[in-house]
Amino acid sequence: MASNIKYPENSCVWYIEGDNFVLLTNVDSSGNLNTTERKNWKAIQEAVTDGILIKYYAEPDSVSSLSDVPDIDNSLHLALVDYVKRCLYMDKAGTAVDPNQSMVSSNASMMHQQKWDEAVKRFGMKKRDKTGGARMMNVPDFR
Amino acid sequence: MSVRTITVKEILSRVRQVFPDVPEKYVMTLINDALVELGMYNSKVSTAKISTAANQMYYSLADAAKDTSDNILEVNKVFKVYIMDDDGDYMQIPRIIDTNILLTDVSSESALNVPDSD
């Protein structure tokens, strides 16, 4: 079922408020422009099945069995090993009775923390980026 | 040629090289913690369709929010929105920065958080 909105790019806007997506339009249920200046932008006036399409960055699926493959790009899979080792070494540092062992574990934890940060935060975008080569500008037509 | 990926079992075996007694459930919990953190770095792009309701301004994007097909959205950040036009095509609509709209919604206020009753 199509909507009655002829030019959504001119008649609809959106923004995010907390955990909510907010949709506003300046047309009525028949697709005619609202005439009241004060109440020009308001909630959409019609019910449209599948009327909104959103593109978003989503949470990766969690893992629950040994055969699961983490739901992220395979270039980042090894970083998960660093994350797990980081946490385990930190646990070991906190529970070790021997101060030397605690220090060694703490250092190992920091090393894995650094590798995790490099893989995800510093070089993560390069690893995930699927684009390459020269870019071209799409100049708007002002006619 | 197949894509090289690592299963949870392989991650566990690598971890057990240095921590032989670590429980697999604990490692899985840590992997899931890591995945939540990775989700903040734009690693997975998804598309979903939501139905509009007459006079409804707010549409939930909470962790448990669902799309028209009853799939859980799991939204971290919305970056593009399209609205179906009168031909049934999806047209991209702009995001506004000034959200001081004079008229608020009267029918979907329940979508927002309300103070606790106690």
# chains A, B, ... in the order shown; residues from 1 in each chain; ligands from 1
>>> select_by_dssp(residues="chain B", states="alpha helix (DSSP H)", output="MDAnalysis selection string")
chainID B and resid 8:15 24:38
>>> write_last_selection(atoms="C-alpha atoms", output="short mmCIF file (atom, residue, chain, number, x, y, z; two decimals), in the first residue's frame")
data_model
loop_
_atom_site.label_atom_id
_atom_site.label_comp_id
_atom_site.auth_asym_id
_atom_site.auth_seq_id
_atom_site.Cartn_x
_atom_site.Cartn_y
_atom_site.Cartn_z
CA VAL B 8 33.82 -19.63 19.33
CA LYS B 9 35.47 -23.01 19.72
CA GLU B 10 38.63 -21.78 17.98
CA ILE B 11 38.70 -18.64 20.12
CA LEU B 12 38.34 -20.84 23.19
CA SER B 13 41.18 -23.13 22.10
CA ARG B 14 43.47 -20.12 21.58
CA VAL B 15 42.57 -18.76 25.00
CA GLU B 24 33.68 -21.97 28.14
CA LYS B 25 30.56 -20.15 29.42
CA TYR B 26 32.73 -17.42 30.87
CA VAL B 27 34.64 -17.02 27.61
CA MET B 28 31.34 -16.82 25.73
CA THR B 29 30.17 -14.07 28.10
CA LEU B 30 33.37 -12.15 27.46
CA ILE B 31 32.97 -12.58 23.68
CA ASN B 32 29.43 -11.21 23.92
CA ASP B 33 30.71 -8.24 25.95
CA ALA B 34 33.26 -7.61 23.20
CA LEU B 35 30.56 -7.82 20.52
CA VAL B 36 28.50 -5.17 22.32
CA GLU B 37 31.55 -2.89 22.31
CA LEU B 38 32.26 -3.69 18.65
#
>>> interface_residues(of="chain A", to="chain B", cutoff="6 Å", atoms="only C-alpha atoms", output="compact mmCIF listing (two decimals) with C-alpha atoms, in the first residue's frame")
# COMPACT_ATOMS: atom_id res chain seq x y z
CA ALA A 2 1.47 3.33 -1.06
CA SER A 3 1.10 6.48 1.01
CA ASN A 4 -0.57 9.69 -0.11
CA ILE A 5 2.62 11.69 0.25
CA LYS A 6 3.84 12.78 -3.17
CA GLU A 9 11.76 14.55 0.72
CA VAL A 13 11.55 15.07 8.48
CA TRP A 14 12.94 12.93 11.26
CA TYR A 15 15.02 13.16 14.37
CA ASP A 19 15.25 5.77 22.30
CA ASN A 20 12.58 7.03 19.93
CA PHE A 21 12.52 7.82 16.26
CA VAL A 22 10.35 10.89 15.60
CA LEU A 23 8.61 11.38 12.26
CA ALA A 43 2.71 13.52 13.28
CA ILE A 44 1.98 11.62 10.08
CA GLN A 45 -1.77 11.50 9.47
CA GLU A 46 -2.07 8.10 7.80
CA ALA A 47 -1.29 4.49 8.60
CA VAL A 48 0.96 2.94 5.96
CA THR A 49 2.18 -0.63 6.19
CA ASP A 50 5.99 -0.67 5.80
CA GLY A 51 5.79 3.11 5.35
CA ILE A 52 9.18 3.77 6.94
CA LEU A 53 12.48 2.27 5.83
CA ILE A 54 15.43 2.85 8.13
CA LYS A 55 19.09 2.08 7.63
CA TYR A 56 21.08 1.77 10.79
CA TYR A 57 24.13 0.39 12.51
CA ALA A 58 22.94 -2.67 14.40
CA GLU A 59 24.16 -4.70 17.33
CA PRO A 60 26.04 -7.83 16.24
CA SER A 62 25.50 -12.63 20.41
CA LEU A 66 30.82 -23.28 20.40
CA SER A 67 30.06 -23.58 16.69
CA ASP A 68 28.86 -19.96 16.37
CA VAL A 69 30.86 -17.56 14.23
CA ASN A 74 36.31 -11.69 9.89
CA VAL A 81 40.91 -13.28 21.38
CA VAL A 84 39.08 -12.28 26.19
>>> select_by_dssp(residues="chain B", states="strand (DSSP E)", output="PyMOL selection string")
chain B and resi 45-50+58-60+75-84+90-92
>>> write_last_selection(atoms="N, CA and C atoms", output="PDB file, in the first residue's frame")
ATOM      1  N   VAL B  45      25.595  -3.081   9.285  1.00  0.00           N
ATOM      2  CA  VAL B  45      24.541  -2.207   8.777  1.00  0.00           C
ATOM      3  C   VAL B  45      23.293  -3.041   8.507  1.00  0.00           C
ATOM      4  N   SER B  46      22.158  -2.592   8.997  1.00  0.00           N
ATOM      5  CA  SER B  46      20.896  -3.307   8.785  1.00  0.00           C
ATOM      6  C   SER B  46      19.850  -2.367   8.214  1.00  0.00           C
ATOM      7  N   THR B  47      18.835  -2.961   7.606  1.00  0.00           N
ATOM      8  CA  THR B  47      17.711  -2.217   7.051  1.00  0.00           C
ATOM      9  C   THR B  47      16.422  -2.813   7.601  1.00  0.00           C
ATOM     10  N   ALA B  48      15.487  -1.960   7.973  1.00  0.00           N
ATOM     11  CA  ALA B  48      14.224  -2.479   8.513  1.00  0.00           C
ATOM     12  C   ALA B  48      13.067  -1.610   8.054  1.00  0.00           C
ATOM     13  N   LYS B  49      11.902  -2.232   7.971  1.00  0.00           N
ATOM     14  CA  LYS B  49      10.687  -1.493   7.614  1.00  0.00           C
ATOM     15  C   LYS B  49       9.773  -1.416   8.827  1.00  0.00           C
ATOM     16  N   ILE B  50       9.206  -0.223   9.019  1.00  0.00           N
ATOM     17  CA  ILE B  50       8.286   0.000  10.136  1.00  0.00           C
ATOM     18  C   ILE B  50       7.013   0.601   9.551  1.00  0.00           C
ATOM     19  N   TYR B  58       6.047   9.282  17.686  1.00  0.00           N
ATOM     20  CA  TYR B  58       7.191   8.559  18.246  1.00  0.00           C
ATOM     21  C   TYR B  58       7.143   7.075  17.886  1.00  0.00           C
ATOM     22  N   TYR B  59       8.272   6.549  17.405  1.00  0.00           N
ATOM     23  CA  TYR B  59       8.391   5.122  17.083  1.00  0.00           C
ATOM     24  C   TYR B  59       9.593   4.578  17.854  1.00  0.00           C
ATOM     25  N   SER B  60       9.351   3.542  18.619  1.00  0.00           N
ATOM     26  CA  SER B  60      10.390   3.054  19.531  1.00  0.00           C
ATOM     27  C   SER B  60      11.578   2.427  18.800  1.00  0.00           C
ATOM     28  N   VAL B  75      18.873  -1.631  17.206  1.00  0.00           N
ATOM     29  CA  VAL B  75      19.436  -0.409  16.616  1.00  0.00           C
ATOM     30  C   VAL B  75      20.522   0.181  17.508  1.00  0.00           C
ATOM     31  N   ASN B  76      21.626   0.550  16.888  1.00  0.00           N
ATOM     32  CA  ASN B  76      22.624   1.364  17.596  1.00  0.00           C
ATOM     33  C   ASN B  76      22.546   2.811  17.135  1.00  0.00           C
ATOM     34  N   LYS B  77      22.577   3.023  15.825  1.00  0.00           N
ATOM     35  CA  LYS B  77      22.481   4.384  15.290  1.00  0.00           C
ATOM     36  C   LYS B  77      21.751   4.375  13.958  1.00  0.00           C
ATOM     37  N   VAL B  78      20.748   5.227  13.842  1.00  0.00           N
ATOM     38  CA  VAL B  78      20.044   5.362  12.568  1.00  0.00           C
ATOM     39  C   VAL B  78      20.798   6.392  11.732  1.00  0.00           C
ATOM     40  N   PHE B  79      21.081   6.067  10.464  1.00  0.00           N
ATOM     41  CA  PHE B  79      21.776   7.072   9.643  1.00  0.00           C
ATOM     42  C   PHE B  79      21.016   7.466   8.382  1.00  0.00           C
ATOM     43  N   LYS B  80      20.012   6.694   7.966  1.00  0.00           N
ATOM     44  CA  LYS B  80      19.198   7.106   6.828  1.00  0.00           C
ATOM     45  C   LYS B  80      17.759   6.674   7.050  1.00  0.00           C
ATOM     46  N   VAL B  81      16.828   7.541   6.638  1.00  0.00           N
ATOM     47  CA  VAL B  81      15.404   7.215   6.760  1.00  0.00           C
ATOM     48  C   VAL B  81      14.723   7.498   5.424  1.00  0.00           C
ATOM     49  N   TYR B  82      13.883   6.580   5.016  1.00  0.00           N
ATOM     50  CA  TYR B  82      13.130   6.724   3.771  1.00  0.00           C
ATOM     51  C   TYR B  82      11.644   6.585   4.090  1.00  0.00           C
ATOM     52  N   ILE B  83      10.819   7.330   3.351  1.00  0.00           N
ATOM     53  CA  ILE B  83       9.363   7.239   3.504  1.00  0.00           C
ATOM     54  C   ILE B  83       8.766   6.829   2.165  1.00  0.00           C
ATOM     55  N   MET B  84       7.774   5.962   2.234  1.00  0.00           N
ATOM     56  CA  MET B  84       7.126   5.505   1.012  1.00  0.00           C
ATOM     57  C   MET B  84       6.271   6.633   0.422  1.00  0.00           C
ATOM     58  N   TYR B  90      10.506   4.274  -1.991  1.00  0.00           N
ATOM     59  CA  TYR B  90      11.046   4.847  -0.760  1.00  0.00           C
ATOM     60  C   TYR B  90      11.946   6.028  -1.095  1.00  0.00           C
ATOM     61  N   MET B  91      11.610   7.187  -0.539  1.00  0.00           N
ATOM     62  CA  MET B  91      12.374   8.404  -0.778  1.00  0.00           C
ATOM     63  C   MET B  91      13.052   8.832   0.521  1.00  0.00           C
ATOM     64  N   GLN B  92      14.330   9.199   0.393  1.00  0.00           N
ATOM     65  CA  GLN B  92      15.063   9.597   1.602  1.00  0.00           C
ATOM     66  C   GLN B  92      14.551  10.938   2.105  1.00  0.00           C
TER      67      GLN B  92
END
>>> residues_around(residues="segment 111-123 of chain A", least_positions_apart="5", cutoff="9 Å", atoms="only C-alpha atoms", output="NGL selection string")
(:A and (75-76 or 78-87 or 89 or 106 or 128)) or (:B and (38 or 41))
>>> atom_distance(atom1="atom CA of Trp41 of chain A", atom2="atom CA of Leu24 of chain A")
5.9 Å
